[in-house]
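Asker: Sharing input-v1.cif below, mmCIF, C-alpha atoms and all ligand atoms:
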data_coords
loop_
_atom_site.label_atom_id
_atom_site.label_comp_id
_atom_site.auth_asym_id
_atom_site.auth_seq_id
_atom_site.Cartn_x
_atom_site.Cartn_y
_atom_site.Cartn_z
CA MET R 25 -11.15 0.99 60.26
CA SER R 26 -14.80 0.07 59.86
CA ALA R 27 -15.90 -3.38 60.96
CA ILE R 28 -18.42 -3.57 58.13
CA LYS R 29 -17.64 -6.48 55.82
CA ARG R 30 -20.15 -5.98 53.03
CA TYR R 31 -22.31 -3.47 51.21
CA ALA R 32 -25.80 -2.75 52.58
CA PRO R 33 -28.42 -5.32 51.44
CA THR R 34 -30.22 -2.75 49.24
CA LEU R 35 -26.95 -2.00 47.45
CA VAL R 36 -26.22 -5.70 46.99
CA VAL R 37 -29.67 -6.38 45.51
CA LEU R 38 -29.46 -3.29 43.27
CA HIS R 39 -25.94 -4.23 42.10
CA TRP R 40 -27.04 -7.64 40.81
CA LEU R 41 -30.43 -6.46 39.52
CA LEU R 42 -28.77 -3.65 37.57
CA ALA R 43 -26.04 -5.97 36.28
CA ILE R 44 -28.73 -8.24 34.78
CA ALA R 45 -30.85 -5.32 33.48
CA ILE R 46 -27.87 -3.57 31.83
CA PHE R 47 -26.70 -6.77 30.10
CA ALA R 48 -30.28 -7.47 28.96
CA ALA R 49 -30.69 -3.90 27.59
CA PHE R 50 -27.41 -4.24 25.71
CA VAL R 51 -28.18 -7.65 24.20
CA MET R 52 -31.64 -6.49 23.20
CA GLY R 53 -30.35 -3.26 21.62
CA ALA R 54 -27.32 -4.66 19.82
CA PHE R 55 -28.56 -8.12 18.81
CA VAL R 56 -32.33 -7.70 18.42
CA LEU R 57 -33.43 -4.09 17.81
CA ASP R 58 -30.49 -2.91 15.73
CA ASP R 59 -30.89 -5.82 13.26
CA MET R 60 -34.69 -5.44 12.99
CA LYS R 61 -36.26 -3.23 10.33
CA ASN R 62 -38.56 -0.50 11.68
CA ASP R 63 -41.59 -1.77 9.68
CA VAL R 64 -41.60 -5.17 11.46
CA PRO R 65 -44.84 -5.08 13.54
CA GLU R 66 -43.23 -6.58 16.69
CA LYS R 67 -40.65 -3.79 16.78
CA LEU R 68 -42.99 -1.40 18.62
CA GLN R 69 -43.45 -3.80 21.56
CA LEU R 70 -39.73 -4.59 21.73
CA LEU R 71 -38.84 -0.89 21.64
CA LYS R 72 -41.35 -0.25 24.42
CA LEU R 73 -39.67 -2.95 26.52
CA HIS R 74 -36.21 -1.48 25.82
CA VAL R 75 -37.31 2.08 26.67
CA VAL R 76 -39.13 1.06 29.88
CA GLY R 77 -36.17 -1.16 30.85
CA GLY R 78 -33.70 1.66 30.12
CA ILE R 79 -35.64 4.20 32.17
CA SER R 80 -35.93 1.67 35.04
CA ILE R 81 -32.13 1.36 34.92
CA LEU R 82 -31.91 5.14 35.35
CA VAL R 83 -34.33 5.21 38.30
CA LEU R 84 -32.63 2.24 40.04
CA THR R 85 -29.17 3.76 39.51
CA ILE R 86 -30.30 7.05 41.12
CA ILE R 87 -31.79 5.12 44.07
CA ARG R 88 -28.54 3.15 44.29
CA LEU R 89 -26.45 6.33 44.47
CA ILE R 90 -28.70 7.82 47.17
CA VAL R 91 -28.50 4.61 49.27
CA ARG R 92 -24.75 4.50 48.65
CA VAL R 93 -24.28 8.00 50.09
CA LYS R 94 -26.56 7.30 53.08
CA SER R 95 -25.38 3.80 54.07
CA ALA R 96 -22.20 2.67 55.80
CA LYS R 97 -19.75 0.98 53.42
CA PRO R 98 -16.92 -1.48 54.01
CA ASP R 99 -13.39 -0.02 53.87
CA PRO R 100 -11.90 0.04 50.36
CA VAL R 101 -10.09 -3.12 49.28
CA VAL R 102 -6.33 -2.70 49.72
CA THR R 103 -3.74 -4.84 47.90
CA ASP R 104 0.02 -4.41 47.61
CA ASN R 105 -0.52 -2.54 44.33
CA PRO R 106 -2.02 0.91 45.19
CA LYS R 107 -2.06 1.96 41.52
CA MET R 108 -4.27 -0.97 40.55
CA ASP R 109 -6.48 -0.33 43.60
CA LYS R 110 -7.04 3.18 42.22
CA VAL R 111 -7.77 1.83 38.74
CA GLY R 112 -10.40 -0.52 40.22
CA THR R 113 -12.17 2.33 42.03
CA SER R 114 -11.98 4.58 38.95
CA VAL R 115 -13.56 1.85 36.80
CA GLN R 116 -16.44 1.58 39.31
CA HIS R 117 -17.00 5.36 39.10
CA LEU R 118 -16.78 5.20 35.31
CA LEU R 119 -19.50 2.52 35.30
CA TYR R 120 -21.89 4.90 37.06
CA LEU R 121 -21.03 7.67 34.55
CA LEU R 122 -21.38 5.40 31.49
CA THR R 123 -24.72 4.09 32.76
CA PHE R 124 -26.03 7.69 32.80
CA LEU R 125 -24.51 8.43 29.38
CA ALA R 126 -26.04 5.28 27.84
CA VAL R 127 -29.47 6.10 29.29
CA PHE R 128 -29.40 9.82 28.42
CA SER R 129 -28.25 9.19 24.84
CA GLY R 130 -31.08 6.62 24.52
CA MET R 131 -33.55 9.19 25.82
CA ALA R 132 -32.19 11.81 23.40
CA LEU R 133 -32.68 9.34 20.53
CA ALA R 134 -36.22 8.60 21.72
CA LEU R 135 -37.07 12.31 21.91
CA LYS R 136 -35.55 13.04 18.49
CA ALA R 137 -37.64 10.23 16.90
CA ASP R 138 -40.74 11.29 18.88
CA LEU R 139 -40.83 7.75 20.33
CA MET R 140 -42.82 8.62 23.45
CA ASN R 141 -45.85 9.62 21.35
CA ILE R 142 -45.42 6.70 18.94
CA LEU R 143 -44.95 4.00 21.59
CA PHE R 144 -47.17 5.19 24.40
CA LYS R 145 -49.91 7.25 22.71
CA ASN R 146 -50.12 5.52 19.30
CA VAL R 147 -49.56 8.89 17.60
CA GLY R 148 -47.27 8.99 14.53
CA ALA R 149 -45.04 6.29 13.07
CA LEU R 150 -41.45 5.10 13.44
CA PRO R 151 -38.90 6.68 11.08
CA GLU R 152 -37.78 4.40 8.23
CA SER R 153 -34.61 3.75 10.23
CA PHE R 154 -32.84 5.14 13.32
CA GLU R 155 -29.49 5.06 11.48
CA GLY R 156 -29.97 8.59 10.08
CA ILE R 157 -30.32 10.09 13.56
CA ALA R 158 -26.81 11.07 14.73
CA VAL R 159 -27.42 10.29 18.40
CA HIS R 160 -28.17 6.65 17.48
CA GLY R 161 -24.43 6.15 16.93
CA VAL R 162 -23.65 7.94 20.22
CA HIS R 163 -26.11 5.68 22.07
CA GLY R 164 -24.57 2.54 20.55
CA ALA R 165 -21.06 3.78 21.45
CA MET R 166 -22.00 4.63 25.07
CA ALA R 167 -23.71 1.26 25.54
CA ALA R 168 -20.66 -0.54 24.07
CA ALA R 169 -18.28 1.44 26.34
CA LEU R 170 -20.43 0.55 29.35
CA ILE R 171 -20.24 -3.15 28.52
CA LEU R 172 -16.51 -2.95 27.76
CA PHE R 173 -15.70 -1.40 31.14
CA THR R 174 -18.06 -3.86 32.83
CA LEU R 175 -15.94 -6.66 31.37
CA VAL R 176 -12.82 -4.96 32.80
CA HIS R 177 -14.66 -4.68 36.15
CA ILE R 178 -15.61 -8.39 36.07
CA ALA R 179 -12.04 -9.39 35.18
CA GLY R 180 -10.80 -7.32 38.15
CA ALA R 181 -13.35 -8.88 40.51
CA LEU R 182 -12.39 -12.40 39.35
CA LYS R 183 -8.67 -11.63 39.77
CA HIS R 184 -9.30 -10.48 43.35
CA GLN R 185 -11.44 -13.53 44.06
CA PHE R 186 -9.35 -16.29 42.51
CA VAL R 187 -5.78 -14.96 42.18
CA LEU R 188 -5.42 -12.61 45.16
CA LYS R 189 -7.92 -14.79 47.05
CA ASN R 190 -9.30 -11.90 49.15
CA ASP R 191 -12.92 -13.06 48.83
CA ILE R 192 -14.00 -9.73 47.29
CA LEU R 193 -17.30 -11.25 46.10
CA SER R 194 -18.46 -11.65 49.70
CA ARG R 195 -18.61 -7.82 49.88
CA MET R 196 -21.35 -7.91 47.24
CA LYS R 197 -23.49 -10.64 48.75
CA LEU R 198 -26.24 -10.68 51.33
CA GLY R 199 -25.15 -11.69 54.82
CA LYS R 200 -25.68 -11.06 58.51
CA ASP R 201 -22.72 -8.76 59.25
C1 LIG R 301 -23.40 -4.46 34.21
C2 LIG R 301 -22.78 -5.11 35.18
C3 LIG R 301 -22.14 -4.46 36.39
C4 LIG R 301 -22.09 -3.15 36.78
C5 LIG R 301 -22.67 -1.93 36.06
C6 LIG R 301 -21.35 -3.11 38.04
C7 LIG R 301 -21.08 -1.96 38.75
C8 LIG R 301 -20.45 -1.90 39.97
C9 LIG R 301 -20.20 -0.70 40.73
C10 LIG R 301 -20.56 0.71 40.27
C11 LIG R 301 -19.60 -1.06 41.90
C12 LIG R 301 -19.14 -0.13 43.01
C13 LIG R 301 -20.13 -0.19 44.14
C14 LIG R 301 -20.13 1.08 44.92
O1 LIG R 301 -19.13 1.37 45.59
O2 LIG R 301 -21.12 1.81 44.82
C15 LIG R 301 -19.45 -2.49 41.89
C16 LIG R 301 -18.88 -3.25 42.89
C17 LIG R 301 -18.60 -4.59 42.79
N1 LIG R 301 -18.92 -5.41 41.72
FE1 LIG R 301 -19.94 -4.89 40.06
N2 LIG R 301 -20.99 -4.39 38.39
C18 LIG R 301 -21.43 -5.24 37.40
C19 LIG R 301 -21.28 -6.60 37.37
C20 LIG R 301 -20.50 -7.33 38.25
C21 LIG R 301 -20.20 -8.74 38.13
C22 LIG R 301 -20.72 -9.68 37.02
C23 LIG R 301 -19.40 -9.06 39.20
C24 LIG R 301 -18.79 -10.42 39.55
C25 LIG R 301 -17.91 -11.05 38.81
C26 LIG R 301 -19.23 -7.87 40.00
C27 LIG R 301 -18.54 -7.79 41.19
C28 LIG R 301 -18.44 -6.70 41.99
C29 LIG R 301 -17.79 -6.67 43.31
C30 LIG R 301 -17.13 -7.85 44.00
C31 LIG R 301 -17.89 -5.37 43.80
C32 LIG R 301 -17.35 -4.84 45.13
C33 LIG R 301 -16.00 -4.24 44.87
C34 LIG R 301 -15.39 -3.58 46.07
O3 LIG R 301 -15.94 -3.71 47.15
O4 LIG R 301 -14.37 -2.90 45.92
N3 LIG R 301 -19.90 -6.83 39.38
N4 LIG R 301 -19.97 -3.00 40.70
C1 LIG R 302 -28.16 1.30 30.09
C2 LIG R 302 -29.25 1.37 29.35
C3 LIG R 302 -29.25 1.05 27.86
C4 LIG R 302 -28.44 0.21 27.13
C5 LIG R 302 -27.30 -0.67 27.63
C6 LIG R 302 -28.89 0.30 25.74
C7 LIG R 302 -28.31 -0.39 24.68
C8 LIG R 302 -28.65 -0.21 23.35
C9 LIG R 302 -27.94 -0.77 22.22
C10 LIG R 302 -26.67 -1.62 22.33
C11 LIG R 302 -28.58 -0.40 21.09
C12 LIG R 302 -28.19 -0.73 19.63
C13 LIG R 302 -27.41 0.46 19.10
C14 LIG R 302 -26.52 0.12 17.95
O1 LIG R 302 -26.13 -1.04 17.78
O2 LIG R 302 -26.15 1.05 17.21
C15 LIG R 302 -29.73 0.39 21.48
C16 LIG R 302 -30.65 0.92 20.62
C17 LIG R 302 -31.67 1.77 20.98
N1 LIG R 302 -31.96 2.20 22.27
FE1 LIG R 302 -30.97 1.70 23.95
N2 LIG R 302 -29.96 1.18 25.67
C18 LIG R 302 -30.20 1.65 26.94
C19 LIG R 302 -31.17 2.57 27.31
C20 LIG R 302 -32.08 3.15 26.44
C21 LIG R 302 -33.08 4.13 26.81
C22 LIG R 302 -33.30 4.69 28.22
C23 LIG R 302 -33.77 4.46 25.66
C24 LIG R 302 -34.92 5.41 25.45
C25 LIG R 302 -35.58 6.06 26.38
C26 LIG R 302 -33.20 3.68 24.56
C27 LIG R 302 -33.63 3.72 23.25
C28 LIG R 302 -33.05 3.05 22.21
C29 LIG R 302 -33.49 3.15 20.83
C30 LIG R 302 -34.67 3.99 20.30
C31 LIG R 302 -32.62 2.35 20.06
C32 LIG R 302 -32.66 2.15 18.53
C33 LIG R 302 -33.15 0.79 18.18
C34 LIG R 302 -32.74 0.42 16.77
O3 LIG R 302 -31.56 0.55 16.44
O4 LIG R 302 -33.61 -0.04 16.03
N3 LIG R 302 -32.16 2.90 25.07
N4 LIG R 302 -29.74 0.50 22.86
#
Will you turn the file into structure tokens for me?

Answerer:
Amino acid sequence: MSAIKRYAPTLVVLHWLLAIAIFAAFVMGAFVLDDMKNDVPEKLQLLKLHVVGGISILVLTIIRLIVRVKSAKPDPVVTDNPKMDKVGTSVQHLLYLLTFLAVFSGMALALKADLMNILFKNVGALPESFEGIAVHGVHGAMAAALILFTLVHIAGALKHQFVLKNDILSRMKLGKD
């Protein structure tokens, strides 16, 4: 039994920073970019923000995984339902995987549309639409799956906190011990 009660401060900060960044990337992609025609002048700036934000999510997630391996963690949460405990852990692992899949499919889309040259070197122009590029649909699907499983993760965390009353949220907050 480890006496550690919470995740290391770096992991706590990265958890909440990434939660905000991933939600922001999703809202921007699904509710701003996807509805905006590619000839709208502001689209270039917004795409730049989405791409830089998405790549930052990748870098921070890699740092998070390295810190996770190197730092001491609290013991896993145990309830009287071992099957659901396993589901909870699997969903957390799936969130890491879906984060990578969302980012990599976004990068594949950017490469296919030659976005790096268009956005960062002012060379070339956006395609008429991204809809014709097959990986656009894959990127949308991965991002949606990531958000869907995040909602499952949040529901699980809230159940632990308010129904099982095991104060799970204190494991993901900054504190002395
Ligand atoms: C996009 C949003 C989010 C993502 C991608 C995410 C991802 C994760 C991951 C991967 C872990 C496992 C940590 C590890 O062992 O490395 C975790 C833990 C945790 N998350 Fe989230 N999270 C998100 C949002 C939230 C929100 C909004 C809440 C609060 C309602 C929350 C509460 C927790 C708690 C309490 C833990 C610790 C669980 C435990 O110790 O077993 N998360 N999260
Ligand atoms: C976790 C990170 C990311 C999330 C959650 C996310 C989310 C989204 C969503 C929801 C869409 C709209 C897709 C649709 O509705 O069909 C979108 C579009 C897009 N994303 Fe991402 N994205 C992420 C990372 C990236 C990265 C790293 C890149 C490029 C390097 C990227 C490039 C794009 C592009 C080019 C579009 C098309 C915009 C349009 O439809 O006009 N995304 N993204």

Asker: Looking at R:Ala27, R:Val102, R:Leu143, R:Val111, which one is nearest to ligand LIG 302 (chain R), with distances taken over only C-alpha atoms and all ligand atoms?

Answerer: R:Leu143

Asker: Between atom C2 of ligand LIG 302 (chain R) and CA of Gly199 (chain R), what is the distance, to one decimal in Å?

Answerer: 28.9 Å

Asker: Point out the residue among R:Thr34, R:Asn105, R:Ser95, R:Thr123 with the least atom-to-atom distance to ligand LIG 302 (chain R), counting only C-alpha atoms and all ligand atoms.

Answerer: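 Among R:Thr34, R:Asn105, R:Ser95, R:Thr123, it is R:Thr123 that comes nearest to ligand LIG 302 (chain R).
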
Asker: List every residue of region 150-195 of chain R that has an atom at most 9 Å from any atom of region 53-77 of chain R, and for each one report the closest atom pair and its distance in Å to one decimal, counting all atoms listed in the file, with rows sorted by chain and then by increasing residue number, as JSON lines.

Answerer:
{"residue": "R:Leu150", "atom": "CA", "partner": "R:Asn62", "partner_atom": "CA", "distance": 6.5}
{"residue": "R:Pro151", "atom": "CA", "partner": "R:Asn62", "partner_atom": "CA", "distance": 7.2}
{"residue": "R:Glu152", "atom": "CA", "partner": "R:Asn62", "partner_atom": "CA", "distance": 6.0}
{"residue": "R:Ser153", "atom": "CA", "partner": "R:Asn62", "partner_atom": "CA", "distance": 6.0}
{"residue": "R:Phe154", "atom": "CA", "partner": "R:Asn62", "partner_atom": "CA", "distance": 8.2}
{"residue": "R:Gly164", "atom": "CA", "partner": "R:Ala54", "partner_atom": "CA", "distance": 7.7}
{"residue": "R:Ala167", "atom": "CA", "partner": "R:Gly53", "partner_atom": "CA", "distance": 8.9}
{"residue": "R:Ala168", "atom": "CA", "partner": "R:Ala54", "partner_atom": "CA", "distance": 8.9}

Asker: Rounded to one decimal, what separation in Å do you get between atom C34 of ligand LIG 301 (chain R) and CA of Ile79 (chain R)?

Answerer: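 The value is 25.8 Å.
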
Asker: Which of these, R:Gln116, R:Gly78, R:Lys107, R:Ile90, has the shortest distance to Leu175 (chain R) once you count all atoms listed in the file?

Answerer: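 Looking only at the distances to Leu175 (chain R), the closest residue turns out to be R:Gln116.
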